[in-house]
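Visitor: Provided herewith is a single structure, encoded as structure tokens, for subsequent inquiry.
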4 protein chains.
Amino acid sequence: MVQLHRSAEPPRQELFRRLNQTPGGTAALVDVRMHVLAGLAEHPEWQVIDADLCHLFSSWFNRGFLTLERIDWHTPAIILEKLIQYEAVHEISGWRDLRRRLEADRRCFAFFHPALPDEPLIFIEVALVKGISDAIGPLLAIDAPVGDPQKADTAVFYSITNCQAGLRGVSFGNLLIKQVAQKLGSEFPRLRTFSTLSPVPGFRRWLASSESDIAALPDSAAALTAMRMLSEPDWHERAESTSNMRDALMSLCAHYLVYALRNGEPADNVARFHLGNGARLERLNWLADTSKTGLQRSAGMMVNYVYRLDDVEENHEIYVKEHRAVASHELKRLARASVFAQPARKR
Amino acid sequence: MVQLHRSAEPPRQELFRRLNQTPGGTAALVDVRMHVLAGLAEHPEWQVIDADLCHLFSSWFNRGFLTLERIDWHTPAIILEKLIQYEAVHEISGWRDLRRRLEADRRCFAFFHPALPDEPLIFIEVALVKGISDAIGPLLAIDAPVGDPQKADTAVFYSITNCQAGLRGVSFGNLLIKQVAQKLGSEFPRLRTFSTLSPVPGFRRWLASSESDIAALPDSAAALTAMRMLSEPDWHERAESTSNMRDALMSLCAHYLVYALRNGEPADNVARFHLGNGARLERLNWLADTSKTGLQRSAGMMVNYVYRLDDVEENHEIYVKEHRAVASHELKRLARASVFAQPARKR
Amino acid sequence: MVQLHRSAEPPRQELFRRLNQTPGGTAALVDVRMHVLAGLAEHPEWQVIDADLCHLFSSWFNRGFLTLERIDWHTPAIILEKLIQYEAVHEISGWRDLRRRLEADRRCFAFFHPALPDEPLIFIEVALVKGISDAIGPLLAIDAPVGDPQKADTAVFYSITNCQAGLRGVSFGNLLIKQVAQKLGSEFPRLRTFSTLSPVPGFRRWLASSESDIAALPDSAAALTAMRMLSEPDWHERAESTSNMRDALMSLCAHYLVYALRNGEPADNVARFHLGNGARLERLNWLADTSKTGLQRSAGMMVNYVYRLDDVEENHEIYVKEHRAVASHELKRLARASVFAQPARKR
Amino acid sequence: MVQLHRSAEPPRQELFRRLNQTPGGTAALVDVRMHVLAGLAEHPEWQVIDADLCHLFSSWFNRGFLTLERIDWHTPAIILEKLIQYEAVHEISGWRDLRRRLEADRRCFAFFHPALPDEPLIFIEVALVKGISDAIGPLLAIDAPVGDPQKADTAVFYSITNCQAGLRGVSFGNLLIKQVAQKLGSEFPRLRTFSTLSPVPGFRRWLASSESDIAALPDSAAALTAMRMLSEPDWHERAESTSNMRDALMSLCAHYLVYALRNGEPADNVARFHLGNGARLERLNWLADTSKTGLQRSAGMMVNYVYRLDDVEENHEIYVKEHRAVASHELKRLARASVFAQPARKR
């Protein structure tokens, strides 16, 4: 078997190992893979290159070689600049915005690899607040007064960004969240809850694709009305309309999060990530993100995934074995109130 | 092919990658391999484990991830202590001895890996002197006055030690010598020559095994006499005897270094290392190391391998293609004077 | 005498020494002096406090305790932010502007004290260019292409800023320029010239106060016309007017720089600083700074003070003994061409 | 007053400030003072130089500029070597001895000044043990098994050494002990007691000088016998003799520590230091240090001074106002049992 493995190893890997010995080699190879990935559709034969690089990177970027570092106003500008550039979830509008996100009531952490000292691999942004946040606006407000982190009882992970396109498939996020939760827990003993405030990015696409299914269900009038209202401009600013839509859409979204599957896994990719990490679906928040993207993808809703460090392992097991979403009573109740009257697993 | 490679990769590698994620994981795995290697003879079935670890380590300890660091009296004691413990060529007798080896006219460099911050992987000791050294004693003398490194014209690499038994087969020495030569060259522009002062550790074993071959040669009387004298106690302290032995043994040793092969490569493992790196055999030194080990293995001789950075690539090519030792005129002359009158390649 | 000195030392100094022992003490005391200085006019009795703090600071901020550090894009944001805030000569308009000033063809250095790690005491900005710059605009242009510093023959010190109001009277600038010149000289062996590009901030005030003196001189018509034109809006944008004014104003300004004194020293405070450091007045540049401040104070002119490290000591001696400005032939010629026909020293 | 102070400041101070600006200046000046102090007896006129340097050093080495650093096996050898060289209380016999003093159940801390990065100013050695130590031998035993510091309830400060003769009179010890106690307290929450294990270096000299006073007291026979036995060789090894001497000598020593004064302050200089810092005399230990020095100076006894951080301020006040030793009941009882029947303050 050793023999087989040896002889099977492509000479490309040895070439990549040699290239890595030159100064800047690691960065250059990560770059190469970024281009390979971008060109895969056109050059399917590049898949073997991609596979070799991915194999090497899994070795090289093993968690044991990464360092977790706090990012704050003492961090070199060359790194901070990259946060502004990379932030994928809630855009950073400039240095002033960045600075607010690094104040005393916020935390930011990143993984680094020794061969890429100026390049964060992934970073996470955290707000230290009282109670689980139900809307993103207040967390991002640049002029919000700085709170006292010692009085916070909740850490809200409101953004997590993979920085290196060339490292796709080499996963760090799972470890990052847990390590940051532990670190914060020991720095701030009053913290009780570790929760995300996350979009539901696949909801509206799923909703659109489910329209005919829904129409075929009994009692679907309210749901269909609500769905139609979503296409009206500025619907979220009209109180009367939103109060009408709210019940229908929230229960549809809860159904989507708890029961909708794709290839046997939760359909929403953010849900897949956090549930796979062992978090649980805690709460759905109405009009929590009324940015253009938030309305377009998530119908303005956001969800809290809660990480309870004691339950994370067990939840992860449940997820891996049964691909079942661990969810709060409230979310399950909401899902059961949806037009999908008999919450049978959707196929 | 990708498919084959993938399916061929043993699950052990994934296990080792996971183990590496725990704190201290890398060190523990290097340790594991040390024990595996030590037990291979008794447990040949461990060879697959060894192969997997060796494969991973080649990835992890890629030169691109190593840092070259100077070791001096500002280095933490925890590292210095390991030099004392690991030094394999010329034993360090304690802190005073070590300190002399780190004075202004000496240099010491080591490769480190970020995951093993307190563990040198390999280190090299250098003396900055005038002219190529022809004996090890003066370089090791603890009470020798400290020279002015700015006046040195020669850097003598007098010891190179691999520290981690668990990293056997993952080679760093080649790169270390060249990088150190470059570094010294730019710090001390007056340095003209980069040379080793090396033992000939396989000479006497080869000599013993060649005794009957030699006896069969014409005119072998002087050679056989010299060989017999080697077994007399303290032969090197009797001037008359040594002057008699000198010519015969030096030409035999030159023959051994330049022409003797094993499995198609130079028979001496130190020669193999330096010639493979692109150095050239420069000079053989009589009574250069009269320590017990030096007499027992090398008949007290030492050899200088010279690294000329401009020629290193070409020499390396010659070596790889022809397995031919690049040697100075003097050494070739010595070799031709040996009892092996017609210096045919020995098989 | 010891006894006298001892008994004379005010107890305030001991109090300040004690305060300095608390965390953040040094920064707090520098702050105190800033407020004391600001309030001196209203509270002349605070002068004793000021004197004690100044005495202590001269001890504490002795050059032997300062470190010279390069500021670049790897510097922590908390320090970079302060450059933006403190820059007193040519305002930094934001992070983009700052970044351009830290590119490969620029250098920035600062002195730091170990007790104030996040606070630059003084910083200097340098452009690496070909030939002595004759205008500030191109040096400050944010979109200017980045030059190759290895091809530069001239280092232009275009801004030097004291950061700590509380350290007034504790002088670092002199040492900073010379150390930076040495450092740059050894990094870039092709650098031949170290020059400033400086304003003449006292010129127009002096000109206004000299109006009646000038009017009393023979042949003063051209000078008075030129002076009058200065008050017209946008005079510098009209080519015909400026070409008329040019000769008269440049020779007046040269006279001011070379001969005008106040309290026995050069009247211009920037001239006083650089001449006192041993630089020499090299060249006067017309329309070199057409910013609002540049026009208002210096009539748009800028001057190059050249630091020749070999002459700096001698120039400094000449200055200290004779308070005589060391100037180039060209500047002296210009000065002699001024309306002050007989260049007698002005009193 | 400012005027007076200014004019009174000797030009030497300005000279020293200038010298300090050169590389290595601070170290050189500390060295100068060491030589000045050593030559004072012969050159009383140097006293003014000494006074100026001492004045400057008090400024420069202000606690606010010092950093407290842990010394352990990760510390550079150049610093560890100096501990071996400087240790003044319980000699360090070499690197093995030093290493034992830096193991997990020991702590060592030092103050450093940024201008003397390789030179500890003062260092303190601590043992983390169960119960207050009553003898120095076990703490210094090189082969003693390493204890678990997490189980310790007591930190014993068993050695404190001023390193720089040239900084005599610039005091750091007081601050060092308190800061180390705080640091240890927060690292090891189980620590209840912070105590020294200190010699009584002036006891036997005082005892000798008090012989006639004692002889004049009533009931002095036992005391005089005990005192005489002290001059017999190896008295401490004979159990019967020591049990006879014990009561008499311990009560005399307690009397010395609690009541004996010199120039209005406690006669013993170690007592003066710790009592002045706000510690209290806790316990006297018989045959606690049977080294040559221990027997010669302290008659083999050692004393524990306990630092209770809550009482330190108040004890310090009592000491400053009344020069009264704060002592435990036990020590006062012992003192009252001494031949000085009526414990009147000795003059």
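Every chain in the structure tokens takes a letter, A first, then B, and so on in the order presented; its residues are numbered from 1, and the ligands are numbered from 1 following the presented order.
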Counting only C-alpha atoms, collect the residues of chain C whose closest atom lies at most 8 Å from chain A, and write them out as a PDB file with C-alpha atoms, in the first residue's frame.
Guide:
```pdb
ATOM      1  CA  TRP C  73       2.688  50.458   6.292  1.00  0.00           C
ATOM      2  CA  HIS C  74       3.680  47.753   8.803  1.00  0.00           C
ATOM      3  CA  THR C  75       3.407  50.246  11.656  1.00  0.00           C
ATOM      4  CA  PRO C  76       0.411  49.863  14.003  1.00  0.00           C
ATOM      5  CA  ALA C  77      -2.585  51.974  13.051  1.00  0.00           C
ATOM      6  CA  ILE C  78      -2.602  53.646  16.471  1.00  0.00           C
ATOM      7  CA  ILE C  79       0.686  55.331  15.559  1.00  0.00           C
ATOM      8  CA  LEU C  80      -0.137  56.070  11.926  1.00  0.00           C
ATOM      9  CA  TRP C  95      -5.272  57.270   5.084  1.00  0.00           C
TER      10      TRP C  95
END
```
Visitor: So which residues touch Ala181 of chain B within 9 Å, counting only C-alpha atoms, skipping near sequence neighbours fewer than 5 positions away, as a list in words?
Guide: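 Here the qualifying residues turn out to be Ala155, Leu176, Ser186, Phe194, Tyr307 and Leu309 of chain B.
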Visitor: So the first atom is atom CA of Ile122 of chain B and the second is atom CA of Leu66 of chain A; what is the distance between them in Å, to one decimal place?
Guide: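 Rounded to one decimal, the two atoms are 22.9 Å apart.
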Visitor: Looking only at the backbone, which of the residues in segment 8-58 of chain D does DSSP tag as helix (DSSP H, G or I), as JSON, numbers by chain?
Guide: {"D": [8, 11, 12, 13, 14, 15, 16, 17, 18, 19, 25, 26, 27, 28, 29, 30, 31, 32, 33, 34, 35, 36, 37, 38, 39, 44, 45, 46, 47, 48, 49, 50, 51, 52, 53, 54, 55, 56, 57, 58]}
Visitor: Limited to C-alpha atoms, could you put the picked residues into a file as a compact mmCIF listing (two decimals), in the first residue's frame?
Guide:
```txt
# COMPACT_ATOMS: atom_id res chain seq x y z
CA ALA D 8 22.92 75.98 41.25
CA PRO D 11 27.67 71.89 34.63
CA ARG D 12 28.74 68.31 35.33
CA GLN D 13 25.13 67.23 35.07
CA GLU D 14 24.89 68.70 31.59
CA LEU D 15 28.11 66.90 30.68
CA PHE D 16 26.72 63.61 31.96
CA ARG D 17 23.51 64.18 29.97
CA ARG D 18 25.57 64.65 26.82
CA LEU D 19 27.65 61.56 27.50
CA GLY D 25 26.42 55.92 27.41
CA THR D 26 24.10 54.89 30.22
CA ALA D 27 26.06 51.73 30.97
CA ALA D 28 29.31 53.69 30.92
CA LEU D 29 28.00 56.26 33.41
CA VAL D 30 26.75 53.56 35.78
CA ASP D 31 30.23 52.14 35.56
CA VAL D 32 31.81 55.51 36.27
CA ARG D 33 29.79 55.84 39.45
CA MET D 34 30.83 52.37 40.57
CA HIS D 35 34.44 53.49 40.34
CA VAL D 36 33.70 56.82 41.98
CA LEU D 37 32.03 55.06 44.91
CA ALA D 38 34.94 52.64 45.23
CA GLY D 39 37.38 55.56 45.35
CA PRO D 44 36.62 62.65 49.28
CA GLU D 45 36.47 65.43 46.66
CA TRP D 46 34.70 62.98 44.33
CA GLN D 47 31.63 63.27 46.52
CA VAL D 48 30.23 66.03 44.30
CA ILE D 49 30.53 63.78 41.25
CA ASP D 50 28.82 61.01 43.13
CA ALA D 51 26.02 63.35 44.16
CA ASP D 52 25.42 64.52 40.58
CA LEU D 53 25.37 61.00 39.20
CA CYS D 54 23.08 59.81 41.97
CA HIS D 55 20.74 62.73 41.22
CA LEU D 56 20.66 61.89 37.50
CA PHE D 57 20.22 58.19 38.12
CA SER D 58 17.24 58.83 40.41
```
Visitor: Which distance in Å separates atom CA of Arg63 of chain B and atom CA of Ala165 of chain B, to one decimal?
Guide: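 Between atom CA of Arg63 of chain B and atom CA of Ala165 of chain B the gap works out to 17.7 Å.
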Visitor: At a cut-off of 12 Å, using only C-alpha atoms, what residues contact Glu322 of chain B? Leave out same-chain residues fewer than 2 positions from it and give the result as a PyMOL selection string.
Guide: chain B and resi 261+264-266+275-276+314-320+324-326
